[in-house]
There are 2 protein chains.
Amino acid sequence: MAGPTTPERPRGRGRSTMKDVAALAGVGIKTVSRVINGEPNVSAVKRQAVWAAVAETGFRRNDSAAQLRSGHTSSIGLVLEDAADPFSSALTRSIQDIAHQHGTVLFSASSAEDPDKERDLVLALCARRVDGLIVVPASGSHTYLLPEIEAGMVCVFVDRPPGDIEADTVLVDNVGGARTGVGHLVRHGHRRIAFIGDRLEIFTARERVRGYREALTEAGIEVDPRLVYNGPPYGEELRAWLRAMLGGADPATAVFCGNSRFTVETVREIRRSPVQPALVGFDDFELADMLTPAVTVVAQDPFGLGQAAAQLLFRRLAGDPTPVQHVHMRTRLIPRGSGEVGP
Amino acid sequence: MAGPTTPERPRGRGRSTMKDVAALAGVGIKTVSRVINGEPNVSAVKRQAVWAAVAETGFRRNDSAAQLRSGHTSSIGLVLEDAADPFSSALTRSIQDIAHQHGTVLFSASSAEDPDKERDLVLALCARRVDGLIVVPASGSHTYLLPEIEAGMVCVFVDRPPGDIEADTVLVDNVGGARTGVGHLVRHGHRRIAFIGDRLEIFTARERVRGYREALTEAGIEVDPRLVYNGPPYGEELRAWLRAMLGGADPATAVFCGNSRFTVETVREIRRSPVQPALVGFDDFELADMLTPAVTVVAQDPFGLGQAAAQLLFRRLAGDPTPVQHVHMRTRLIPRGSGEVGP
DNA sequence: TTGAAAGCGATACCAA
DNA sequence: TTGGTATCGCTTTCAA
């Protein structure tokens with residue numbers, strides 16, 4: 001009984017359009033458009049009639065059609081390494097928030113550190129005509145973005161710079177942070193300090209080793225290559241290396257870790273080890289203060305990083321024509337115990 | 001000199017279209033469409049000519065235009081509570097992966113547990129005509145989705161059921177998990193067991209208290225309301241309650257926590273406390289095994305949860321017409337020490 | 001204040 | 001195997 005009494009209402013699948021709404025409200029389609037988009041110059045009477053018809057038909061504007069004509073999507077894209085990583089998820093959240101403030105939604109995708117997958121994802125986002133793009137670039141060249149950028153796509157790179165192209169970046173002061181952390185260990189009397197970090201293909205790993213080297217050189221300590229690990233942060237390879245290094249004839253008395261994955265792995269290995277080296281890690285992590293001993297870290301600010309990147313992006317979208325910008329974020333040493341012990 | 005020699009190439013802002021590509025390649029626009037979309041029935045010669053023209057012009061298909069005509073976007077939406085939360089970010093990652101397998105990208109947004117914001121985000125995603133939607137619903141009614149669902153939007157709810165509507169859900173066995181965890185404490189001789197969890201507006205909190213009550217009742221233990229906390233997982237309120245409860249005349253000898261936020265807060269407070277109750281937490285968390293004592297948990301599987309939800313969604317999108325489904329995921333007790341001590 | 005008409009850039013359909 | 005034409009639902013433009 002209830003069904004067939006409202007013949008104007010589209011049944012089952014399928015959406016009603018502005019045309020349907022206009023017909024039902026007895027106005028022109030352009031008036032519907034004005035009301036939906038909150039534009040002025042519509043009489044209160046018609047405005048009400050339109051909203052009534054919208055409610056009646058369950059109308060929802062098709063943004064694809066709007067974008068096709070107007071040229072902007074009110075969406076931005078984010079491509080990062082792994083959405084499940086705490087650093088990435090903090091980044092995501094802060095970018096989502098800034099996007100939301102600008103009435104914009106966020107596409108996000110994970111590249112799994114694979115340059116080809118990153119490229120696919122980025123280009124898919126470009127095909128969707130997102131207004132702008134924030135990328136934590138995998139290694140490799142980014143020249144594939146040149147045509148997109150020339151066509152008007154706005155890109156900001158976070159945490160790492162892109163390969164082979166000049167573009168806006170928001171980076172952490174990796175070198176300075178590592179210098180601070182290693183210098184801290186030096187000041188506590190250590191001279192045999194190990195470095196444990198990612199493969200050197202990864203920008204942040206390169207920069208942090210550099211900071212490590214600089215700190216040692218500055219202290220007049222020669223770098224011992226047997227104390228430097230650059231490899232995957234998981235698996236037997238790392239554990240074997242740690243065991244060998246800690247159990248060897250001339251073990252390190254302190255360890256500096258290149259990121260929190262390594263810090264955690266190192267903490268686990270130290271637990272099993274007869275010697276207890278001092279430890280400082282790059283990047284803070286949850287419960288670092290609750291471990292025994294509590295872990296001293298050089299903290300980054302992933303929320304701040306995401307905010308800075310998003311704000312730069314929206315400034316560009318608003319038309320900021322200034323030359324390419326390179327923003328650097330400070331790090332902060334947080335002493336908690338593991339780094340404040342002598343050799 | 002290099003610039004003006006290729007007059008066909010669009011300069012500066014603006015994209016080339018299939019029309020441009022067709023003109024440059026000397027073929028019809030429909031042939032370009034066939035090549036771009038990998039459709040058959042195009043000669044090798046023309047195919048090559050088209051790809052050459054695509055490269056030359058930097059053409060990238062405008063997906064909005066494609067969607068307008070074809071009706072699907074190859075995108076799905078995800079609305080959750082907080083992208084920075086480890087549970088949510090694991091969910092995000094697993095959904096991203098399944099989506100990617102289906103050639104689909106993911107919109108994600110955080111509701112911050114605010115029903116109005118959730119509604120805005122969901123409707124924005126509907127306006128973008130995502131093919132489907134996965135939602136971790138905030139509390140409140142979800143009747144606002146009825147018109148969308150009737151218009152063909154496919155929705156799957158994860159971790160919590162929606163309010164006031166029947167829809168596909170993928171939930172954790174909250175009651176059973178809590179019963180298991182509390183039962184574990186009972187078996188170690190505890191009779192004064194506290195429950196610490198979220199506000200009762202939140203579905204999982206309600207279910208987990210229920211499991212707690214059932215376990216106690218089953219053991220013939222009366223529930224003491226002074227041992228039950230339902231409130232925010234942060235701030236002085238919780239800490240004061242914990243201090244009072246642990247320092248009172250008749251303190252609990254064991255604590256069951258409703259989620260990992262509470263577990264961590266409780267661990268911190270126990271450290272400062274003179275008494276050391278046994279502890280079991282719902283939801284596993286990183287480094288739980290490295291704390292002292294290591295924390296016994298009832299683990300969920302957020303990756304599995306996301307996978308199940310995404311797979312159900314894509315089954316629906318493929319046309320699965322079966323009635324509304326309610327999937328339940330098992331939990332798993334992981335004894336680590338904190339829960340294996342007597343009163 | 002209002003609305004008719006002309007696109008936006010692709011795909012669907014059908015004729016060649 | 002090819003490609004012309006109508007069309008998707010909206011915004012823009014412009015005349016009334």
# chains A, B, ... in the order shown; residues from 1 in each chain; ligands from 1
>>> select_by_dssp(residues="range 198-277 of chain A", states="strand (DSSP E)", output="list in words")
Val228, Tyr229, Asn230, Ala254, Val255, Phe256 and Cys257 of chain A
>>> write_last_selection(atoms="all heavy atoms", output="short mmCIF file (atom, residue, chain, number, x, y, z; two decimals), in the first residue's frame")
data_model
loop_
_atom_site.label_atom_id
_atom_site.label_comp_id
_atom_site.auth_asym_id
_atom_site.auth_seq_id
_atom_site.Cartn_x
_atom_site.Cartn_y
_atom_site.Cartn_z
N VAL A 228 78.90 -1.37 12.05
CA VAL A 228 77.80 -0.74 11.31
C VAL A 228 76.98 -1.79 10.57
O VAL A 228 77.52 -2.58 9.78
CB VAL A 228 78.35 0.29 10.29
CG1 VAL A 228 77.20 0.89 9.48
CG2 VAL A 228 79.09 1.40 11.03
N TYR A 229 75.67 -1.83 10.85
CA TYR A 229 74.76 -2.75 10.17
C TYR A 229 73.78 -1.94 9.33
O TYR A 229 73.14 -1.01 9.84
CB TYR A 229 73.98 -3.59 11.19
CG TYR A 229 72.90 -4.45 10.58
CD1 TYR A 229 73.14 -5.77 10.22
CD2 TYR A 229 71.61 -3.94 10.37
CE1 TYR A 229 72.15 -6.56 9.66
CE2 TYR A 229 70.61 -4.72 9.81
CZ TYR A 229 70.88 -6.03 9.45
OH TYR A 229 69.89 -6.81 8.90
N ASN A 230 73.70 -2.28 8.05
CA ASN A 230 72.63 -1.72 7.22
C ASN A 230 71.93 -2.86 6.51
O ASN A 230 72.49 -3.49 5.62
CB ASN A 230 73.20 -0.74 6.18
CG ASN A 230 73.63 0.56 6.83
OD1 ASN A 230 74.81 0.83 6.99
ND2 ASN A 230 72.65 1.35 7.22
N ALA A 254 78.03 0.58 23.27
CA ALA A 254 76.78 1.35 23.08
C ALA A 254 76.26 1.11 21.68
O ALA A 254 77.02 0.80 20.77
CB ALA A 254 77.03 2.83 23.30
N VAL A 255 74.94 1.24 21.54
CA VAL A 255 74.30 1.03 20.24
C VAL A 255 73.41 2.22 19.92
O VAL A 255 72.67 2.69 20.79
CB VAL A 255 73.45 -0.25 20.26
CG1 VAL A 255 72.72 -0.43 18.93
CG2 VAL A 255 74.31 -1.48 20.54
N PHE A 256 73.49 2.70 18.67
CA PHE A 256 72.55 3.71 18.20
C PHE A 256 71.71 3.07 17.10
O PHE A 256 72.26 2.55 16.13
CB PHE A 256 73.28 4.94 17.66
CG PHE A 256 72.34 6.03 17.22
CD1 PHE A 256 71.70 6.83 18.16
CD2 PHE A 256 72.06 6.24 15.88
CE1 PHE A 256 70.81 7.82 17.77
CE2 PHE A 256 71.17 7.23 15.48
CZ PHE A 256 70.54 8.03 16.43
N CYS A 257 70.37 3.12 17.25
CA CYS A 257 69.48 2.46 16.28
C CYS A 257 68.85 3.48 15.35
O CYS A 257 68.40 4.55 15.79
CB CYS A 257 68.41 1.67 17.00
SG CYS A 257 69.07 0.21 17.82
#
>>> interface_residues(of="chain C", to="chain B", cutoff="9 Å", atoms="only C-alpha atoms (C1' of nucleotides)", output="PDB file with all heavy atoms, in the first residue's frame")
ATOM      1  P    DC C   8      34.013  21.481 -23.688  1.00  0.00           P
ATOM      2  OP1  DC C   8      35.050  22.505 -23.885  1.00  0.00           O
ATOM      3  OP2  DC C   8      33.805  20.432 -24.699  1.00  0.00           O
ATOM      4  O5'  DC C   8      34.251  20.737 -22.316  1.00  0.00           O
ATOM      5  C5'  DC C   8      34.695  21.406 -21.142  1.00  0.00           C
ATOM      6  C4'  DC C   8      34.621  20.435 -19.993  1.00  0.00           C
ATOM      7  O4'  DC C   8      33.239  20.182 -19.680  1.00  0.00           O
ATOM      8  C3'  DC C   8      35.221  19.076 -20.314  1.00  0.00           C
ATOM      9  O3'  DC C   8      36.551  19.042 -19.807  1.00  0.00           O
ATOM     10  C2'  DC C   8      34.325  18.073 -19.582  1.00  0.00           C
ATOM     11  C1'  DC C   8      33.091  18.881 -19.171  1.00  0.00           C
ATOM     12  N1   DC C   8      31.800  18.374 -19.705  1.00  0.00           N
ATOM     13  C2   DC C   8      30.725  18.171 -18.832  1.00  0.00           C
ATOM     14  O2   DC C   8      30.882  18.408 -17.631  1.00  0.00           O
ATOM     15  N3   DC C   8      29.552  17.723 -19.327  1.00  0.00           N
ATOM     16  C4   DC C   8      29.421  17.482 -20.656  1.00  0.00           C
ATOM     17  N4   DC C   8      28.238  17.050 -21.090  1.00  0.00           N
ATOM     18  C5   DC C   8      30.507  17.697 -21.554  1.00  0.00           C
ATOM     19  C6   DC C   8      31.663  18.133 -21.048  1.00  0.00           C
ATOM     20  P    DG C   9      37.717  18.581 -20.790  1.00  0.00           P
ATOM     21  OP1  DG C   9      38.965  18.969 -20.126  1.00  0.00           O
ATOM     22  OP2  DG C   9      37.416  19.006 -22.169  1.00  0.00           O
ATOM     23  O5'  DG C   9      37.579  16.985 -20.757  1.00  0.00           O
ATOM     24  C5'  DG C   9      37.785  16.308 -19.531  1.00  0.00           C
ATOM     25  C4'  DG C   9      37.317  14.881 -19.685  1.00  0.00           C
ATOM     26  O4'  DG C   9      35.898  14.871 -19.948  1.00  0.00           O
ATOM     27  C3'  DG C   9      37.964  14.128 -20.854  1.00  0.00           C
ATOM     28  O3'  DG C   9      38.332  12.852 -20.368  1.00  0.00           O
ATOM     29  C2'  DG C   9      36.846  14.020 -21.873  1.00  0.00           C
ATOM     30  C1'  DG C   9      35.635  13.929 -20.958  1.00  0.00           C
ATOM     31  N9   DG C   9      34.383  14.313 -21.568  1.00  0.00           N
ATOM     32  C8   DG C   9      34.173  15.218 -22.577  1.00  0.00           C
ATOM     33  N7   DG C   9      32.920  15.354 -22.908  1.00  0.00           N
ATOM     34  C5   DG C   9      32.249  14.485 -22.063  1.00  0.00           C
ATOM     35  C6   DG C   9      30.866  14.191 -21.957  1.00  0.00           C
ATOM     36  O6   DG C   9      29.929  14.664 -22.605  1.00  0.00           O
ATOM     37  N1   DG C   9      30.611  13.247 -20.956  1.00  0.00           N
ATOM     38  C2   DG C   9      31.579  12.663 -20.180  1.00  0.00           C
ATOM     39  N2   DG C   9      31.160  11.777 -19.269  1.00  0.00           N
ATOM     40  N3   DG C   9      32.880  12.924 -20.272  1.00  0.00           N
ATOM     41  C4   DG C   9      33.138  13.836 -21.233  1.00  0.00           C
ATOM     42  P    DA C  10      39.335  11.927 -21.193  1.00  0.00           P
ATOM     43  OP1  DA C  10      40.420  11.636 -20.281  1.00  0.00           O
ATOM     44  OP2  DA C  10      39.608  12.528 -22.508  1.00  0.00           O
ATOM     45  O5'  DA C  10      38.440  10.634 -21.530  1.00  0.00           O
ATOM     46  C5'  DA C  10      38.363   9.564 -20.649  1.00  0.00           C
ATOM     47  C4'  DA C  10      36.918   9.193 -20.368  1.00  0.00           C
ATOM     48  O4'  DA C  10      36.052  10.264 -20.735  1.00  0.00           O
ATOM     49  C3'  DA C  10      36.416   7.985 -21.133  1.00  0.00           C
ATOM     50  O3'  DA C  10      36.661   6.828 -20.347  1.00  0.00           O
ATOM     51  C2'  DA C  10      34.926   8.236 -21.245  1.00  0.00           C
ATOM     52  C1'  DA C  10      34.765   9.739 -20.993  1.00  0.00           C
ATOM     53  N9   DA C  10      34.227  10.463 -22.137  1.00  0.00           N
ATOM     54  C8   DA C  10      34.917  11.227 -23.038  1.00  0.00           C
ATOM     55  N7   DA C  10      34.155  11.800 -23.934  1.00  0.00           N
ATOM     56  C5   DA C  10      32.880  11.372 -23.608  1.00  0.00           C
ATOM     57  C6   DA C  10      31.623  11.629 -24.172  1.00  0.00           C
ATOM     58  N6   DA C  10      31.450  12.417 -25.241  1.00  0.00           N
ATOM     59  N1   DA C  10      30.552  11.042 -23.606  1.00  0.00           N
ATOM     60  C2   DA C  10      30.738  10.263 -22.543  1.00  0.00           C
ATOM     61  N3   DA C  10      31.872   9.950 -21.910  1.00  0.00           N
ATOM     62  C4   DA C  10      32.920  10.546 -22.496  1.00  0.00           C
ATOM     63  P    DT C  11      36.600   5.410 -21.016  1.00  0.00           P
ATOM     64  OP1  DT C  11      37.179   4.473 -20.046  1.00  0.00           O
ATOM     65  OP2  DT C  11      37.122   5.516 -22.383  1.00  0.00           O
ATOM     66  O5'  DT C  11      35.034   5.146 -21.121  1.00  0.00           O
ATOM     67  C5'  DT C  11      34.280   4.975 -19.931  1.00  0.00           C
ATOM     68  C4'  DT C  11      32.844   4.677 -20.309  1.00  0.00           C
ATOM     69  O4'  DT C  11      32.321   5.733 -21.156  1.00  0.00           O
ATOM     70  C3'  DT C  11      32.647   3.384 -21.093  1.00  0.00           C
ATOM     71  O3'  DT C  11      31.421   2.818 -20.630  1.00  0.00           O
ATOM     72  C2'  DT C  11      32.544   3.860 -22.533  1.00  0.00           C
ATOM     73  C1'  DT C  11      31.809   5.180 -22.353  1.00  0.00           C
ATOM     74  N1   DT C  11      31.999   6.212 -23.405  1.00  0.00           N
ATOM     75  C2   DT C  11      30.885   6.785 -23.966  1.00  0.00           C
ATOM     76  O2   DT C  11      29.753   6.477 -23.652  1.00  0.00           O
ATOM     77  N3   DT C  11      31.154   7.745 -24.920  1.00  0.00           N
ATOM     78  C4   DT C  11      32.388   8.170 -25.353  1.00  0.00           C
ATOM     79  O4   DT C  11      32.486   9.039 -26.207  1.00  0.00           O
ATOM     80  C5   DT C  11      33.515   7.525 -24.726  1.00  0.00           C
ATOM     81  C7   DT C  11      34.904   7.918 -25.109  1.00  0.00           C
ATOM     82  C6   DT C  11      33.279   6.587 -23.791  1.00  0.00           C
ATOM     83  P    DA C  12      31.040   1.307 -20.989  1.00  0.00           P
ATOM     84  OP1  DA C  12      30.662   0.661 -19.719  1.00  0.00           O
ATOM     85  OP2  DA C  12      32.072   0.693 -21.863  1.00  0.00           O
ATOM     86  O5'  DA C  12      29.718   1.513 -21.865  1.00  0.00           O
ATOM     87  C5'  DA C  12      28.620   2.234 -21.324  1.00  0.00           C
ATOM     88  C4'  DA C  12      27.474   2.228 -22.317  1.00  0.00           C
ATOM     89  O4'  DA C  12      27.725   3.212 -23.352  1.00  0.00           O
ATOM     90  C3'  DA C  12      27.261   0.902 -23.039  1.00  0.00           C
ATOM     91  O3'  DA C  12      25.861   0.714 -23.202  1.00  0.00           O
ATOM     92  C2'  DA C  12      27.963   1.098 -24.378  1.00  0.00           C
ATOM     93  C1'  DA C  12      27.780   2.588 -24.623  1.00  0.00           C
ATOM     94  N9   DA C  12      28.899   3.221 -25.335  1.00  0.00           N
ATOM     95  C8   DA C  12      30.235   2.992 -25.143  1.00  0.00           C
ATOM     96  N7   DA C  12      31.020   3.735 -25.897  1.00  0.00           N
ATOM     97  C5   DA C  12      30.133   4.511 -26.630  1.00  0.00           C
ATOM     98  C6   DA C  12      30.334   5.496 -27.604  1.00  0.00           C
ATOM     99  N6   DA C  12      31.531   5.900 -28.026  1.00  0.00           N
ATOM    100  N1   DA C  12      29.231   6.074 -28.141  1.00  0.00           N
ATOM    101  C2   DA C  12      28.028   5.682 -27.717  1.00  0.00           C
ATOM    102  N3   DA C  12      27.717   4.762 -26.811  1.00  0.00           N
ATOM    103  C4   DA C  12      28.828   4.211 -26.294  1.00  0.00           C
TER     104       DA C  12
END
>>> residues_around(residues="Ile165 in chain B", least_positions_apart="5", cutoff="9 Å", atoms="only C-alpha atoms (C1' of nucleotides)", output="list in words")
Ser141, His142, Thr143, Leu145 and Leu146 of chain B
>>> interface_residues(of="chain B", to="chain A", cutoff="8 Å", atoms="only C-alpha atoms", output="MDAnalysis selection string")
chainID B and resid 12:15 58 60:65 67:68 82:86 89:93 96 105:110 126:129 147:148 150:152 268 287 290:292
>>> select_by_dssp(residues="range 168-311 of chain A", states="helix (DSSP H, G or I)", output="compact mmCIF listing (two decimals) with N, CA and C atoms, in the first residue's frame")
# COMPACT_ATOMS: atom_id res chain seq x y z
N ASN A 174 67.49 14.49 9.96
CA ASN A 174 68.03 13.17 10.26
C ASN A 174 69.48 13.21 10.70
N VAL A 175 70.27 13.99 9.98
CA VAL A 175 71.69 14.06 10.31
C VAL A 175 71.88 14.64 11.71
N GLY A 176 71.23 15.76 11.94
CA GLY A 176 71.35 16.41 13.25
C GLY A 176 70.86 15.53 14.38
N GLY A 177 69.75 14.84 14.15
CA GLY A 177 69.19 13.97 15.17
C GLY A 177 70.14 12.84 15.52
N ALA A 178 70.71 12.23 14.49
CA ALA A 178 71.65 11.13 14.73
C ALA A 178 72.90 11.65 15.44
N ARG A 179 73.37 12.81 15.02
CA ARG A 179 74.54 13.40 15.70
C ARG A 179 74.25 13.61 17.17
N THR A 180 73.08 14.15 17.44
CA THR A 180 72.71 14.39 18.84
C THR A 180 72.71 13.09 19.63
N GLY A 181 72.07 12.06 19.06
CA GLY A 181 71.96 10.79 19.78
C GLY A 181 73.31 10.15 20.01
N VAL A 182 74.13 10.13 18.97
CA VAL A 182 75.44 9.50 19.10
C VAL A 182 76.35 10.34 19.99
N GLY A 183 76.25 11.67 19.83
CA GLY A 183 77.01 12.57 20.69
C GLY A 183 76.68 12.35 22.16
N HIS A 184 75.42 12.08 22.43
CA HIS A 184 74.98 11.81 23.79
C HIS A 184 75.71 10.60 24.35
N LEU A 185 75.86 9.57 23.54
CA LEU A 185 76.57 8.36 23.97
C LEU A 185 78.06 8.65 24.17
N VAL A 186 78.59 9.47 23.26
CA VAL A 186 80.01 9.84 23.39
C VAL A 186 80.24 10.58 24.71
N ARG A 187 79.36 11.49 25.03
CA ARG A 187 79.51 12.27 26.27
C ARG A 187 79.42 11.39 27.51
N PHE A 203 66.64 6.70 2.08
CA PHE A 203 67.20 8.01 2.35
C PHE A 203 67.51 8.25 3.82
N THR A 204 66.49 7.98 4.67
CA THR A 204 66.67 8.29 6.08
C THR A 204 67.81 7.47 6.68
N ALA A 205 67.99 6.24 6.19
CA ALA A 205 69.09 5.41 6.68
C ALA A 205 70.43 6.06 6.32
N ARG A 206 70.55 6.52 5.08
CA ARG A 206 71.80 7.16 4.65
C ARG A 206 72.10 8.37 5.52
N GLU A 207 71.09 9.20 5.71
CA GLU A 207 71.30 10.44 6.46
C GLU A 207 71.68 10.16 7.90
N ARG A 208 71.06 9.14 8.46
CA ARG A 208 71.32 8.87 9.88
C ARG A 208 72.70 8.24 10.08
N VAL A 209 73.13 7.42 9.16
CA VAL A 209 74.52 6.94 9.25
C VAL A 209 75.46 8.11 9.14
N ARG A 210 75.12 9.04 8.28
CA ARG A 210 75.99 10.20 8.10
C ARG A 210 76.14 10.96 9.41
N GLY A 211 75.00 11.16 10.07
CA GLY A 211 75.04 11.83 11.37
C GLY A 211 75.90 11.07 12.37
N TYR A 212 75.77 9.76 12.33
CA TYR A 212 76.56 8.88 13.19
C TYR A 212 78.05 9.08 12.93
N ARG A 213 78.41 9.05 11.65
CA ARG A 213 79.81 9.22 11.29
C ARG A 213 80.33 10.59 11.72
N GLU A 214 79.53 11.60 11.46
CA GLU A 214 79.94 12.96 11.82
C GLU A 214 80.18 13.09 13.32
N ALA A 215 79.28 12.50 14.10
CA ALA A 215 79.43 12.59 15.56
C ALA A 215 80.71 11.92 16.01
N LEU A 216 81.00 10.75 15.42
CA LEU A 216 82.22 10.04 15.80
C LEU A 216 83.46 10.85 15.40
N THR A 217 83.46 11.30 14.17
CA THR A 217 84.60 12.07 13.66
C THR A 217 84.85 13.29 14.53
N GLU A 218 83.78 13.96 14.84
CA GLU A 218 83.88 15.15 15.68
C GLU A 218 84.54 14.83 17.02
N PRO A 225 83.96 -0.25 10.64
CA PRO A 225 82.88 -0.79 9.79
C PRO A 225 82.25 -2.06 10.35
N ARG A 226 82.96 -2.76 11.22
CA ARG A 226 82.37 -3.98 11.80
C ARG A 226 81.25 -3.64 12.77
N LEU A 227 81.15 -2.36 13.14
CA LEU A 227 80.11 -1.96 14.09
C LEU A 227 78.91 -1.33 13.38
N GLY A 235 64.16 -10.61 10.83
CA GLY A 235 64.78 -11.83 10.33
C GLY A 235 66.08 -12.19 11.04
N GLU A 236 66.56 -13.35 10.68
CA GLU A 236 67.71 -13.93 11.36
C GLU A 236 68.99 -13.15 11.10
N GLU A 237 69.06 -12.51 9.94
CA GLU A 237 70.27 -11.78 9.58
C GLU A 237 70.65 -10.76 10.64
N LEU A 238 69.67 -9.93 11.01
CA LEU A 238 69.92 -8.91 12.01
C LEU A 238 70.26 -9.53 13.37
N ARG A 239 69.50 -10.52 13.76
CA ARG A 239 69.71 -11.13 15.08
C ARG A 239 71.09 -11.77 15.17
N ALA A 240 71.48 -12.44 14.09
CA ALA A 240 72.80 -13.07 14.07
C ALA A 240 73.89 -12.00 14.19
N TRP A 241 73.70 -10.92 13.45
CA TRP A 241 74.69 -9.85 13.49
C TRP A 241 74.81 -9.29 14.90
N LEU A 242 73.64 -9.05 15.52
CA LEU A 242 73.65 -8.50 16.88
C LEU A 242 74.34 -9.44 17.85
N ARG A 243 74.01 -10.72 17.74
CA ARG A 243 74.63 -11.71 18.63
C ARG A 243 76.14 -11.71 18.47
N ALA A 244 76.57 -11.73 17.22
CA ALA A 244 78.01 -11.77 16.94
C ALA A 244 78.69 -10.51 17.48
N MET A 245 78.06 -9.37 17.24
CA MET A 245 78.66 -8.11 17.64
C MET A 245 78.74 -7.99 19.16
N LEU A 246 77.64 -8.40 19.83
CA LEU A 246 77.62 -8.28 21.29
C LEU A 246 78.46 -9.36 21.97
N GLY A 247 78.57 -10.51 21.31
CA GLY A 247 79.29 -11.62 21.92
C GLY A 247 80.75 -11.70 21.50
N SER A 260 62.74 2.90 15.05
CA SER A 260 62.19 2.21 16.22
C SER A 260 62.04 0.71 16.00
N ARG A 261 61.87 0.29 14.74
CA ARG A 261 61.87 -1.16 14.47
C ARG A 261 63.17 -1.79 14.96
N PHE A 262 64.28 -1.15 14.63
CA PHE A 262 65.59 -1.66 15.03
C PHE A 262 65.77 -1.55 16.54
N THR A 263 65.27 -0.47 17.09
CA THR A 263 65.42 -0.29 18.53
C THR A 263 64.75 -1.43 19.27
N VAL A 264 63.53 -1.76 18.86
CA VAL A 264 62.80 -2.84 19.52
C VAL A 264 63.52 -4.17 19.35
N GLU A 265 63.96 -4.45 18.14
CA GLU A 265 64.68 -5.70 17.91
C GLU A 265 65.95 -5.77 18.76
N THR A 266 66.61 -4.63 18.86
CA THR A 266 67.84 -4.59 19.63
C THR A 266 67.57 -4.79 21.12
N VAL A 267 66.51 -4.17 21.60
CA VAL A 267 66.13 -4.38 23.01
C VAL A 267 65.90 -5.87 23.26
N ARG A 268 65.21 -6.53 22.34
CA ARG A 268 64.94 -7.96 22.52
C ARG A 268 66.24 -8.76 22.58
N GLU A 269 67.16 -8.41 21.70
CA GLU A 269 68.41 -9.17 21.65
C GLU A 269 69.27 -8.90 22.88
N ILE A 270 69.27 -7.65 23.32
CA ILE A 270 70.06 -7.30 24.51
C ILE A 270 69.58 -8.08 25.73
N ARG A 271 68.26 -8.28 25.80
CA ARG A 271 67.70 -9.06 26.91
C ARG A 271 68.36 -10.45 27.01
N ARG A 272 68.60 -11.01 25.83
CA ARG A 272 69.15 -12.37 25.80
C ARG A 272 70.67 -12.37 25.91
N ALA A 288 58.21 2.97 25.27
CA ALA A 288 59.67 3.08 25.41
C ALA A 288 60.02 3.41 26.86
N ASP A 289 59.17 4.19 27.50
CA ASP A 289 59.44 4.60 28.89
C ASP A 289 59.13 3.50 29.89
N MET A 290 58.44 2.45 29.48
CA MET A 290 58.04 1.40 30.41
C MET A 290 58.94 0.17 30.34
N PRO A 302 55.86 12.93 14.19
CA PRO A 302 55.14 12.56 12.97
C PRO A 302 53.87 13.39 12.75
N PHE A 303 53.18 13.75 13.82
CA PHE A 303 51.98 14.59 13.65
C PHE A 303 52.37 15.95 13.08
N GLY A 304 53.43 16.52 13.64
CA GLY A 304 53.89 17.80 13.15
C GLY A 304 54.34 17.74 11.70
N LEU A 305 54.96 16.63 11.36
CA LEU A 305 55.44 16.42 10.00
C LEU A 305 54.26 16.40 9.03
N GLY A 306 53.23 15.63 9.38
CA GLY A 306 52.05 15.55 8.53
C GLY A 306 51.36 16.89 8.41
N GLN A 307 51.25 17.58 9.53
CA GLN A 307 50.64 18.91 9.52
C GLN A 307 51.38 19.85 8.59
N ALA A 308 52.69 19.88 8.74
CA ALA A 308 53.50 20.79 7.92
C ALA A 308 53.32 20.48 6.44
N ALA A 309 53.31 19.19 6.13
CA ALA A 309 53.17 18.79 4.72
C ALA A 309 51.80 19.19 4.18
N ALA A 310 50.77 18.91 4.97
CA ALA A 310 49.41 19.21 4.51
C ALA A 310 49.23 20.72 4.36
N GLN A 311 49.77 21.45 5.33
CA GLN A 311 49.61 22.90 5.24
C GLN A 311 50.33 23.46 4.03
>>> interface_residues(of="chain D", to="chain A", cutoff="9 Å", atoms="only C-alpha atoms (C1' of nucleotides)", output="list in words")
DC8, DG9, DC10, DT11 and DT12 of chain D
>>> atom_distance(atom1="CA of Glu113 in chain B", atom2="CA of Asp301 in chain B")
21.3 Å
